[in-house]
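Input: a single structure, listed below in C-alpha cells.
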Amino acid sequence: MITNFKSFALQSCRHKHGAAALIFVFVIFFCGIQLALAADFPVKPVTMIVPYKAGGSTETMAQVLSKALAKQLGGKVIVKTRPGGGGAVGATYVSQRKPDGYTVMFTTMTSVTSAHMLNPDLTYDENSFTYIAGVTQYQMAFITTPDKPYKTWAELIEYSRKGNSLNVADQSGLSRLMINYMAKKEGVSWTAIPTRGGGEMVPFLLGGKVDFAWSGGVHQKYGDKMLVLSSALSNRLAASPEAPSIKELYGVSMPGNALIAGPKGMPADIVAKLESAIKGALDDPDFERILGKLKFPKAFVTSGQLKNDVNEAVTVLEGVLTATK
C-alpha cells in the first residue's frame, strides 16, 4: 500500500494540479489508516476506570460487565479503581487520557455533572468526556424506618413544620445540595449528618442516629426495615411506585444513570463499536444476575441520548445551585 501510495503521489506532483492532488491523496490515505484502526479495535486491553472504592455497587457492576464486554469486543477489559473526591479523582484521570478508546470510565452521572459545580478547582466539566452508553439507573431515594411518626414525604414535611427537629444523613455534596433545596422550598430546617457511603448510612438510620436519609439504592437490600419516602430521580422507583419522585414534587431530580464514558474527542466509529458491544453485554446472564441482586433495572441509553441527558442534568443542577445560594 505504501509503495503504491508513493508512486501515485509522485505522479500527482508532476501534474499541473499536483499539489492539490497530493493533499487529497494524503487525506484519503490517512483516513484509510484511521478506518483500519477502528476496524481492528481493540488490539490491546481496554482499561475501565471506576472512580470509587472497590466493593461498592459501581465497582461490582463494572467487574461483571467488563467480562461480558470483553466477550463482545474479542479482547481484554481490565477494571482499575481510582477513588477519591466523590468520583472526581478518577474522572480527572480519564479526562486527561488519549481519546483512543483504550481508557474508559464506568461511573455515576453525578461525577461528570455536579462534581465540578461543587468544586470549581477541578480541571474538567461535563464537556471533557465522550459519552458512550448508559447501562443502569441507581435507585436513589430519601428513606426512613417504619417506626417513625411519618410514613410518606407529605407527612414528613408536615411533621417538620410543627417544629420537630430532624436529622438527615447525606453522602455527598450533591445529596446535601438537594436536601437544602427542598428544605428551603418547604420552609423547614433539617440538620444534615455526613456519612461515608451506604455502609455508614445504614447503621445510622437503623440505630436511630438520623431520622431520614439519602440512599443511592442500598436500602433495597433491607426490605421492610426501610421505607421509601420519595424517589430522588425524575421517575418513581419500580420497587416503590407509591412514593412520589422529587421531580413531581419540586420539578428537579438527581442524575441517576450509571454510564460509560471516555476522554473528549474519541473517534465516532470506535464510540459506535463500544456502544454496540455494551448493548450486547447488558444481556449477559451474569450482568443481569448482578443487577437483579442489586435490584437495579437494565437501562441501556445510546451515546447521543446520554449526552442529551447529561446536558439536561447540568441545567437542572445549575438551577438548584443558584436557588440555594
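Residue numbering restarts at 1 in every chain; chains get A, B, ... in the order shown in the C-alpha cells, and ligands count up from 1 in that same order.
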
- request: Within segment 110-211 of chain A, find each residue whose DSSP state, derived from the backbone, is alpha helix (DSSP H), and express the selection as an NGL selection string.
  value: :A and (110-113 or 115-118 or 153-161 or 173-186 or 198-206)

message: Which residues are close to Val314 of chain A, i.e. within 9 Å by only C-alpha atoms, leaving aside same-chain residues fewer than 5 positions away? Reply as a PyMOL selection string.
response: chain A and resi 113-114+126+255+309+319

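Checking A:Val310, A:Ile132, A:Val202, A:Val301 one by one against Met266 of chain A, counting only C-alpha atoms, you find the shortest gap at A:Ile132.
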
message: Need the shell around Pro263 of chain A: protein/DNA/RNA residues with any atom at most 7 Å away, counting only C-alpha atoms. Skip same-chain ones fewer than 3 positions apart. Format as a PyMOL selection string?
response: chain A and resi 94-99+128-130+266

task: Could you give me, as an MDAnalysis selection string, the residues within 7 Å of segment 277-288 of chain A, counting only C-alpha atoms and dropping anything in the same chain fewer than 4 positions from it?
output: chainID A and resid 64:65 68:69 72:73 273 292 300

Write the residues you've just listed into a file as a PDB file, in the first residue's frame, and include C-alpha atoms for each of them.
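Output below, filename out.pdb:
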ATOM      1  CA  VAL A  64     -19.073  -8.212  35.950  1.00  0.00           C
ATOM      2  CA  LEU A  65     -19.761  -6.001  32.931  1.00  0.00           C
ATOM      3  CA  ALA A  68     -19.227  -9.527  29.315  1.00  0.00           C
ATOM      4  CA  LEU A  69     -17.841  -6.574  27.353  1.00  0.00           C
ATOM      5  CA  GLN A  72     -18.374  -8.745  22.837  1.00  0.00           C
ATOM      6  CA  LEU A  73     -15.156  -6.962  21.793  1.00  0.00           C
ATOM      7  CA  LYS A 273     -18.245  -0.108  18.289  1.00  0.00           C
ATOM      8  CA  GLY A 292     -31.120  -8.452  39.982  1.00  0.00           C
ATOM      9  CA  PHE A 300     -29.415   0.984  28.028  1.00  0.00           C
TER      10      PHE A 300
END

- prompt: From the set A:Val188, A:Pro83, A:Gly75, A:Thr144, which residue has the shortest atom-to-atom contact distance to Gly55 of chain A, counting only C-alpha atoms?
  reply: A:Pro83

query: Between A:Val320, A:Ala313, A:Val112, A:Val79, which one has atoms that come closest to Thr92 of chain A, using only C-alpha atoms?
result: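 Nearest to Thr92 of chain A: A:Val112.
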
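When only C-alpha atoms are used to measure the gap to Val218 of chain A, the shortest distance among A:Asn235, A:Gln305, A:Asn257, A:Gln139 belongs to A:Gln139.
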